[in-house]
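Q: Sending over structure.pdb (PDB, C-alpha atoms).
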ATOM      1  CA  MET A   1    -105.900  58.989 208.925
ATOM      2  CA  PRO A   2    -102.933  61.033 210.230
ATOM      3  CA  THR A   3    -104.082  64.098 212.178
ATOM      4  CA  THR A   4    -101.129  66.383 211.422
ATOM      5  CA  THR A   5     -98.320  66.496 208.917
ATOM      6  CA  ASP A   6     -95.958  65.726 211.807
ATOM      7  CA  ASP A   7     -97.475  62.246 211.840
ATOM      8  CA  LEU A   8     -96.163  61.640 208.329
ATOM      9  CA  ALA A   9     -92.562  60.528 208.645
ATOM     10  CA  ILE A  10     -90.238  59.356 205.913
ATOM     11  CA  GLY A  11     -90.122  55.572 205.921
ATOM     12  CA  GLN A  12     -93.574  55.248 207.446
ATOM     13  CA  GLU A  13     -95.954  52.800 205.767
ATOM     14  CA  ILE A  14     -99.579  53.790 205.423
ATOM     15  CA  GLU A  15    -102.450  51.432 206.181
ATOM     16  CA  PRO A  16    -102.696  48.822 203.393
ATOM     17  CA  THR A  17    -105.866  47.870 201.524
ATOM     18  CA  VAL A  18    -106.581  44.208 200.771
ATOM     19  CA  LYS A  19    -108.890  42.970 198.002
ATOM     20  CA  GLN A  20    -110.076  39.616 196.708
ATOM     21  CA  MET A  21    -110.216  39.521 192.916
ATOM     22  CA  THR A  22    -113.432  37.709 192.113
ATOM     23  CA  LEU A  23    -114.450  36.933 188.558
ATOM     24  CA  ALA A  24    -117.901  38.287 189.413
ATOM     25  CA  ARG A  25    -116.516  41.768 190.077
ATOM     26  CA  MET A  26    -114.000  41.611 187.228
ATOM     27  CA  SER A  27    -116.835  40.685 184.850
ATOM     28  CA  ARG A  28    -118.937  43.777 185.523
ATOM     29  CA  PRO A  29    -119.185  45.774 182.267
ATOM     30  CA  LEU A  30    -117.647  48.831 183.893
ATOM     31  CA  MET A  31    -114.609  46.759 184.882
ATOM     32  CA  ALA A  32    -114.140  44.494 181.867
ATOM     33  CA  GLY A  33    -114.939  47.157 179.277
ATOM     34  CA  GLY A  34    -115.950  44.554 176.714
ATOM     35  CA  ASN A  35    -112.500  42.975 176.636
ATOM     36  CA  PRO A  36    -112.885  39.185 177.044
ATOM     37  CA  ILE A  37    -109.399  38.850 178.481
ATOM     38  CA  HIS A  38    -110.843  40.348 181.662
ATOM     39  CA  ASP A  39    -113.861  38.115 182.107
ATOM     40  CA  ASP A  40    -113.818  35.042 179.837
ATOM     41  CA  PRO A  41    -111.875  32.042 181.218
ATOM     42  CA  VAL A  42    -111.895  30.270 177.840
ATOM     43  CA  PHE A  43    -110.598  33.319 175.996
ATOM     44  CA  ALA A  44    -107.905  33.802 178.647
ATOM     45  CA  ARG A  45    -106.843  30.156 178.362
ATOM     46  CA  ASP A  46    -106.652  30.434 174.574
ATOM     47  CA  ALA A  47    -104.427  33.484 175.078
ATOM     48  CA  GLY A  48    -102.057  31.410 177.211
ATOM     49  CA  LEU A  49    -103.180  32.736 180.575
ATOM     50  CA  PRO A  50    -104.243  30.606 183.545
ATOM     51  CA  ALA A  51    -107.277  32.807 184.214
ATOM     52  CA  PRO A  52    -108.789  36.147 183.174
ATOM     53  CA  ILE A  53    -106.656  39.130 184.176
ATOM     54  CA  ALA A  54    -107.958  42.214 185.945
ATOM     55  CA  THR A  55    -107.777  45.609 184.290
ATOM     56  CA  GLY A  56    -104.745  47.515 185.470
ATOM     57  CA  VAL A  57    -106.848  50.403 186.681
ATOM     58  CA  MET A  58    -108.555  48.109 189.190
ATOM     59  CA  SER A  59    -105.238  47.964 191.035
ATOM     60  CA  SER A  60    -104.913  51.741 190.661
ATOM     61  CA  ALA A  61    -108.324  52.010 192.304
ATOM     62  CA  PHE A  62    -107.086  49.950 195.251
ATOM     63  CA  LEU A  63    -104.079  52.264 195.575
ATOM     64  CA  SER A  64    -106.332  55.320 195.353
ATOM     65  CA  GLU A  65    -108.628  53.859 198.018
ATOM     66  CA  MET A  66    -105.634  53.391 200.307
ATOM     67  CA  LEU A  67    -104.474  56.956 199.632
ATOM     68  CA  THR A  68    -107.977  58.372 200.155
ATOM     69  CA  LYS A  69    -108.112  56.682 203.558
ATOM     70  CA  ALA A  70    -104.687  58.101 204.409
ATOM     71  CA  PHE A  71    -105.070  61.656 203.085
ATOM     72  CA  GLY A  72    -108.808  62.273 202.756
ATOM     73  CA  ILE A  73    -110.015  65.156 200.622
ATOM     74  CA  GLU A  74    -106.451  66.284 199.922
ATOM     75  CA  TRP A  75    -106.020  63.212 197.748
ATOM     76  CA  MET A  76    -108.905  64.345 195.503
ATOM     77  CA  ARG A  77    -107.654  67.930 195.301
ATOM     78  CA  SER A  78    -103.914  67.506 194.921
ATOM     79  CA  GLY A  79    -103.071  63.831 194.508
ATOM     80  CA  SER A  80    -100.991  62.468 191.681
ATOM     81  CA  ILE A  81    -100.155  58.909 190.795
ATOM     82  CA  ASP A  82     -97.752  57.328 188.306
ATOM     83  CA  VAL A  83     -98.057  53.556 188.109
ATOM     84  CA  LYS A  84     -96.966  50.741 185.810
ATOM     85  CA  PHE A  85     -98.745  47.417 185.553
ATOM     86  CA  ILE A  86     -95.816  45.008 185.503
ATOM     87  CA  ARG A  87     -97.493  41.639 186.060
ATOM     88  CA  PRO A  88    -101.014  40.333 185.577
ATOM     89  CA  ILE A  89    -103.523  40.038 188.388
ATOM     90  CA  TYR A  90    -105.595  36.903 187.885
ATOM     91  CA  ALA A  91    -109.125  36.111 188.926
ATOM     92  CA  GLY A  92    -108.887  34.523 192.361
ATOM     93  CA  ASP A  93    -105.839  36.504 193.469
ATOM     94  CA  THR A  94    -105.659  38.427 196.717
ATOM     95  CA  VAL A  95    -104.204  41.868 196.117
ATOM     96  CA  THR A  96    -102.712  44.121 198.780
ATOM     97  CA  ALA A  97    -102.129  47.818 198.060
ATOM     98  CA  ARG A  98     -99.247  49.304 200.028
ATOM     99  CA  GLY A  99     -97.493  52.646 200.352
ATOM    100  CA  ARG A 100     -94.439  54.042 202.067
ATOM    101  CA  ILE A 101     -93.541  57.719 202.569
ATOM    102  CA  THR A 102     -90.315  58.575 200.770
ATOM    103  CA  GLY A 103     -90.157  62.364 201.009
ATOM    104  CA  ARG A 104     -91.554  65.590 202.421
ATOM    105  CA  SER A 105     -91.107  69.063 201.005
ATOM    106  CA  GLU A 106     -92.592  72.445 201.798
ATOM    107  CA  THR A 107     -94.684  74.108 199.091
ATOM    108  CA  SER A 108     -96.587  77.388 198.974
ATOM    109  CA  THR A 109     -99.807  75.535 199.781
ATOM    110  CA  GLY A 110     -98.680  72.900 202.289
ATOM    111  CA  VAL A 111     -96.369  69.950 202.686
ATOM    112  CA  ARG A 112     -95.932  67.693 199.673
ATOM    113  CA  ILE A 113     -95.718  64.066 200.724
ATOM    114  CA  ALA A 114     -94.072  61.675 198.265
ATOM    115  CA  LEU A 115     -94.717  57.951 198.411
ATOM    116  CA  GLU A 116     -93.607  54.711 196.877
ATOM    117  CA  ILE A 117     -96.731  52.679 196.171
ATOM    118  CA  TRP A 118     -97.330  49.171 194.952
ATOM    119  CA  CYS A 119     -99.774  46.281 194.800
ATOM    120  CA  GLU A 120     -98.669  42.733 195.490
ATOM    121  CA  THR A 121    -100.439  39.390 195.300
ATOM    122  CA  GLN A 122    -100.559  36.446 197.651
ATOM    123  CA  ARG A 123     -97.614  35.077 195.654
ATOM    124  CA  GLY A 124     -95.522  37.870 197.189
ATOM    125  CA  GLU A 125     -94.741  39.506 193.862
ATOM    126  CA  PRO A 126     -95.417  43.118 192.939
ATOM    127  CA  VAL A 127     -97.947  43.505 190.154
ATOM    128  CA  THR A 128     -98.369  47.287 190.061
ATOM    129  CA  VAL A 129     -95.587  49.694 191.048
ATOM    130  CA  GLY A 130     -95.141  53.436 191.070
ATOM    131  CA  THR A 131     -95.150  56.666 192.984
ATOM    132  CA  ALA A 132     -97.689  59.098 194.359
ATOM    133  CA  SER A 133     -97.682  62.530 195.922
ATOM    134  CA  VAL A 134    -100.157  64.698 197.744
ATOM    135  CA  VAL A 135    -100.099  68.137 199.365
ATOM    136  CA  VAL A 136    -101.361  68.116 202.944
ATOM    137  CA  HIS A 137    -102.038  71.036 205.262
TER     138      HIS A 137
ATOM    139  CA  MET B 138    -124.982  52.012 161.333
ATOM    140  CA  ASP B 139    -121.643  51.836 163.121
ATOM    141  CA  ASP B 140    -119.035  53.903 161.263
ATOM    142  CA  LYS B 141    -116.169  52.975 163.562
ATOM    143  CA  GLN B 142    -112.987  51.651 162.000
ATOM    144  CA  ALA B 143    -110.660  48.814 162.928
ATOM    145  CA  MET B 144    -107.666  50.150 164.827
ATOM    146  CA  VAL B 145    -104.585  49.841 162.583
ATOM    147  CA  PHE B 146    -101.399  50.854 164.377
ATOM    148  CA  GLU B 147     -99.632  52.127 161.258
ATOM    149  CA  ASP B 148    -102.551  54.357 160.330
ATOM    150  CA  LEU B 149    -103.062  56.047 163.683
ATOM    151  CA  PRO B 150    -101.980  59.692 163.325
ATOM    152  CA  ILE B 151    -100.057  61.324 166.135
ATOM    153  CA  GLY B 152    -102.083  64.333 167.224
ATOM    154  CA  GLU B 153    -105.438  62.682 166.548
ATOM    155  CA  GLU B 154    -108.021  63.999 168.977
ATOM    156  CA  TYR B 155    -110.887  62.212 170.697
ATOM    157  CA  ALA B 156    -113.844  63.516 172.673
ATOM    158  CA  ASP B 157    -116.757  62.050 174.554
ATOM    159  CA  GLU B 158    -119.098  62.928 177.387
ATOM    160  CA  TYR B 159    -121.291  61.129 179.863
ATOM    161  CA  VAL B 160    -123.502  61.865 182.846
ATOM    162  CA  LEU B 161    -121.934  60.996 186.180
ATOM    163  CA  THR B 162    -124.950  59.213 187.619
ATOM    164  CA  ALA B 163    -125.464  57.645 191.025
ATOM    165  CA  GLU B 164    -125.914  54.320 189.226
ATOM    166  CA  LEU B 165    -122.485  54.648 187.619
ATOM    167  CA  ALA B 166    -120.947  55.538 190.988
ATOM    168  CA  ARG B 167    -122.632  52.575 192.663
ATOM    169  CA  ASP B 168    -121.652  50.165 189.903
ATOM    170  CA  TYR B 169    -118.027  51.260 190.185
ATOM    171  CA  ALA B 170    -118.036  51.107 193.990
ATOM    172  CA  GLU B 171    -119.381  47.555 193.864
ATOM    173  CA  GLY B 172    -116.912  46.576 191.143
ATOM    174  CA  ILE B 173    -113.893  47.572 193.182
ATOM    175  CA  ASP B 174    -115.502  46.786 196.544
ATOM    176  CA  ASP B 175    -115.050  50.307 197.930
ATOM    177  CA  PRO B 176    -118.205  51.279 199.833
ATOM    178  CA  ASN B 177    -116.911  54.692 200.962
ATOM    179  CA  PRO B 178    -120.077  56.756 201.654
ATOM    180  CA  TRP B 179    -118.443  59.786 200.001
ATOM    181  CA  TYR B 180    -119.194  58.150 196.655
ATOM    182  CA  LEU B 181    -122.791  57.170 197.381
ATOM    183  CA  GLU B 182    -124.291  59.371 200.090
ATOM    184  CA  ARG B 183    -122.435  62.463 201.285
ATOM    185  CA  SER B 184    -118.875  63.719 201.287
ATOM    186  CA  PRO B 185    -116.895  66.534 202.925
ATOM    187  CA  PHE B 186    -117.607  68.452 199.709
ATOM    188  CA  GLY B 187    -121.356  68.368 200.349
ATOM    189  CA  GLY B 188    -123.176  65.783 198.227
ATOM    190  CA  PRO B 189    -121.612  62.605 196.903
ATOM    191  CA  VAL B 190    -118.576  62.810 194.643
ATOM    192  CA  ALA B 191    -117.141  60.233 192.276
ATOM    193  CA  ASN B 192    -114.378  57.876 193.196
ATOM    194  CA  PRO B 193    -111.465  59.654 191.484
ATOM    195  CA  MET B 194    -110.409  56.478 189.692
ATOM    196  CA  LEU B 195    -113.882  56.143 188.178
ATOM    197  CA  ILE B 196    -113.185  59.320 186.221
ATOM    198  CA  VAL B 197    -109.774  58.023 185.122
ATOM    199  CA  ALA B 198    -111.244  54.674 184.083
ATOM    200  CA  GLN B 199    -113.664  56.484 181.776
ATOM    201  CA  HIS B 200    -110.743  57.801 179.724
ATOM    202  CA  ALA B 201    -110.499  54.316 178.240
ATOM    203  CA  ARG B 202    -113.688  55.038 176.300
ATOM    204  CA  LEU B 203    -111.959  57.605 174.091
ATOM    205  CA  PHE B 204    -110.418  55.204 171.554
ATOM    206  CA  LYS B 205    -113.793  53.506 171.304
ATOM    207  CA  THR B 206    -115.351  56.712 169.997
ATOM    208  CA  LYS B 207    -113.506  56.144 166.696
ATOM    209  CA  TYR B 208    -112.276  52.563 166.618
ATOM    210  CA  LEU B 209    -113.563  49.056 167.050
ATOM    211  CA  THR B 210    -111.365  47.895 169.868
ATOM    212  CA  ALA B 211    -111.767  45.309 172.573
ATOM    213  CA  GLY B 212    -108.264  43.977 172.992
ATOM    214  CA  ASN B 213    -106.269  46.844 174.461
ATOM    215  CA  VAL B 214    -104.416  46.416 177.746
ATOM    216  CA  HIS B 215    -103.379  49.333 179.910
ATOM    217  CA  THR B 216     -99.724  49.345 180.998
ATOM    218  CA  ARG B 217     -99.170  52.695 182.714
ATOM    219  CA  HIS B 218    -100.918  55.870 183.754
ATOM    220  CA  GLU B 219     -99.712  59.147 185.167
ATOM    221  CA  THR B 220    -102.644  61.024 186.667
ATOM    222  CA  GLN B 221    -103.181  64.295 188.487
ATOM    223  CA  PHE B 222    -106.358  64.756 190.514
ATOM    224  CA  LEU B 223    -107.414  68.391 190.618
ATOM    225  CA  ASN B 224    -110.981  68.541 191.913
ATOM    226  CA  PRO B 225    -113.686  66.123 193.037
ATOM    227  CA  ALA B 226    -116.341  65.258 190.458
ATOM    228  CA  ARG B 227    -119.879  65.804 191.710
ATOM    229  CA  LEU B 228    -122.566  63.277 190.879
ATOM    230  CA  GLY B 229    -125.185  64.493 188.433
ATOM    231  CA  LYS B 230    -122.756  66.523 186.360
ATOM    232  CA  VAL B 231    -121.962  65.941 182.703
ATOM    233  CA  ILE B 232    -118.310  65.022 182.371
ATOM    234  CA  LYS B 233    -116.554  65.987 179.162
ATOM    235  CA  VAL B 234    -113.576  63.831 178.267
ATOM    236  CA  SER B 235    -110.955  64.752 175.695
ATOM    237  CA  GLY B 236    -107.733  63.159 174.603
ATOM    238  CA  THR B 237    -104.907  63.339 172.092
ATOM    239  CA  LEU B 238    -102.705  60.556 170.755
ATOM    240  CA  VAL B 239     -99.211  61.865 171.554
ATOM    241  CA  GLU B 240     -96.892  58.917 170.927
ATOM    242  CA  LYS B 241     -96.772  55.414 169.468
ATOM    243  CA  TYR B 242     -93.964  52.884 169.375
ATOM    244  CA  ARG B 243     -93.155  49.189 169.089
ATOM    245  CA  LYS B 244     -91.261  47.334 171.770
ATOM    246  CA  ARG B 245     -90.609  43.586 171.977
ATOM    247  CA  GLY B 246     -93.091  42.950 169.215
ATOM    248  CA  ARG B 247     -95.932  44.844 170.827
ATOM    249  CA  GLU B 248     -97.551  48.075 169.746
ATOM    250  CA  TYR B 249     -97.848  50.856 172.305
ATOM    251  CA  LEU B 250    -100.023  53.958 172.184
ATOM    252  CA  VAL B 251     -99.742  56.949 174.518
ATOM    253  CA  MET B 252    -102.705  59.276 174.997
ATOM    254  CA  GLU B 253    -103.030  62.437 177.060
ATOM    255  CA  CYS B 254    -106.528  62.948 178.453
ATOM    256  CA  ARG B 255    -108.469  65.300 180.654
ATOM    257  CA  SER B 256    -111.901  65.342 182.244
ATOM    258  CA  VAL B 257    -113.797  68.582 182.819
ATOM    259  CA  ASP B 258    -117.305  68.920 184.225
ATOM    260  CA  GLU B 259    -120.171  70.889 182.680
ATOM    261  CA  ASP B 260    -119.215  73.945 184.740
ATOM    262  CA  GLY B 261    -115.679  73.943 183.378
ATOM    263  CA  ILE B 262    -114.103  72.541 186.538
ATOM    264  CA  GLU B 263    -111.147  70.371 185.620
ATOM    265  CA  ILE B 264    -111.336  67.045 187.441
ATOM    266  CA  CYS B 265    -108.172  65.257 186.357
ATOM    267  CA  ARG B 266    -105.425  64.925 183.759
ATOM    268  CA  ASP B 267    -104.015  61.658 182.654
ATOM    269  CA  ARG B 268    -101.243  60.301 180.426
ATOM    270  CA  ARG B 269    -101.935  56.642 179.686
ATOM    271  CA  THR B 270    -100.066  53.937 177.809
ATOM    272  CA  ILE B 271    -101.803  50.946 176.280
ATOM    273  CA  ILE B 272    -100.797  47.881 174.297
ATOM    274  CA  THR B 273    -103.006  47.201 171.315
ATOM    275  CA  GLN B 274    -104.119  43.613 170.805
ATOM    276  CA  TYR B 275    -102.566  41.986 173.878
ATOM    277  CA  ALA B 276    -104.473  38.900 172.876
ATOM    278  CA  LYS B 277    -106.429  38.437 169.663
ATOM    279  CA  ARG B 278    -109.871  37.007 169.420
ATOM    280  CA  PRO B 279    -109.830  33.484 167.954
ATOM    281  CA  GLU B 280    -110.552  33.425 164.189
TER     282      GLU B 280
END
Now, as a test, write the supplied structure out as structure tokens.
A:
Amino acid sequence: MPTTTDDLAIGQEIEPTVKQMTLARMSRPLMAGGNPIHDDPVFARDAGLPAPIATGVMSSAFLSEMLTKAFGIEWMRSGSIDVKFIRPIYAGDTVTARGRITGRSETSTGVRIALEIWCETQRGEPVTVGTASVVVH
Amino acid sequence: MDDKQAMVFEDLPIGEEYADEYVLTAELARDYAEGIDDPNPWYLERSPFGGPVANPMLIVAQHARLFKTKYLTAGNVHTRHETQFLNPARLGKVIKVSGTLVEKYRKRGREYLVMECRSVDEDGIEICRDRRTIITQYAKRPE
């Protein structure tokens, strides 16, 4: 975790988070939410998919984990995230959450750090893309 | 008897409101931590805020339950969310979730719904706000 705001330079990438998408985790009721497209291989195949797809908010959780590691409690008190789920994440994929600082601006309560954030799979394609910001002191 | 209705895109009124609440238990926090493989002790043991707090995305994920308070739905797929985190959610609190359907549209043959949601704890502390977009019936159950 950066120790001062001076450590947060535009263009800097923050430490990525890597996850393995197992069907066992995707199938947990809290993850699948009763939607068989997230946990039923037969249903997914009938829907024209090679495997069940993860809920989009699982990838948001990976991004939030990365941002929590980078910004600590400030992420919970002042973080914002705007993400689109542009491609499916399939059971068996390896997902990497990444972020790059794109801006810094002074506010009345600290320095607002803006980031480009995304998740990509082992296929090298982005699956979740968006922006985030957080005020650090 | 379940009085929930099938979700019919044409019939969904803009401005319809939804509300739900749940207890933010340690079991829920643990289940979520295991599901996303994030064993941060802040969520299970202790945090810089004192006791354990919820993973912020756990609170956001619970907003998906709002449509289910009125409709029989199991085929929605989330496409976007814009979320502001305002305060940590402390385990043991009742979390009150509310939402309003603010927009609906069709694009490339799919039906999109946009809902604005917020979560507030039993003490009135606002945890997060969220604007989420979903596709209804991404894939239909076989007949």
Q: Using all atoms listed in the file, pick whichever of A:Ser27, A:Asn35, A:Ser59, A:Thr102 has the shortest atom-to-atom distance to chain B.
A: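 Closest candidate: A:Asn35.
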Q: Evaluating the ChimeraX specification (/A :<8) & /B on the displayed file yields which residues, as number ranges by chain?
A: B: 168-169, 171-175, 185, 193-194, 198, 211-225, 276-279
Q: Identify which of the residues B:Ile264, B:Leu228, B:Arg245, B:Glu259 lies closest to Ser184 in chain B, counting all atoms listed in the file when measuring atom-to-atom distances.
A: B:Leu228
Q: Could you check how far CA of Ala191 in chain B sits from CA of Glu13 in chain A, in Å to one decimal?
A: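 Taking CA of Ala191 in chain B as the start and CA of Glu13 in chain A as the end point, the length is 26.2 Å.
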Q: For Asp267 in chain B, which of B:Val197, B:Tyr242, B:Thr206, B:Ser235 is the closest residue, counting all atoms listed in the file?
A: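 Among the listed residues, B:Val197 lies closest to Asp267 in chain B.
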Q: Please enumerate the residues selected by the PyMOL selection byres ((chain B and resi 189) around 12) when evaluated against the supplied file, formatted as a list in words.
A: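 Against this file, the PyMOL selection byres ((chain B and resi 189) around 12) returns the residues Leu161, Thr162, Ala163, Ala166, Arg167, Asn177, Pro178, Trp179, Tyr180, Leu181, Glu182, Arg183, Ser184, Pro185, Phe186, Gly187, Gly188, Val190, Ala191, Asn192, Pro193, Pro225, Ala226, Arg227, Leu228, Gly229 and Lys230 of chain B.
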Q: Which residues match the PyMOL selection byres ((chain A and resi 97) around 8) in the file above, as an MDAnalysis selection string?
A: chainID A and resid 16:18 59 62:63 66 95:96 98:99 117:120
Q: Rounded to one decimal place, report the CA of Glu15 in chain A-CA of Glu106 in chain A distance in Å.
A: 23.6 Å
Q: I'd like the interatomic distance between CA of Gly152 in chain B and CA of Asp140 in chain B, to a tenth of an Å.
A: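 CA of Asp140 in chain B lies at a distance of 20.8 Å from CA of Gly152 in chain B.
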Q: Just give me the residues with any atom within 8 Å of (-103.7, 71.5, 202.1), file coordinates, counting all atoms listed in the file, written as number ranges by chain.
A: A: 74, 109-111, 135-137
Q: Choose the residue, out of B:Arg269, B:Lys141, B:His200, B:Arg243, that has the smallest atom-to-atom separation from Glu158 in chain B; count only C-alpha atoms.
A: B:His200
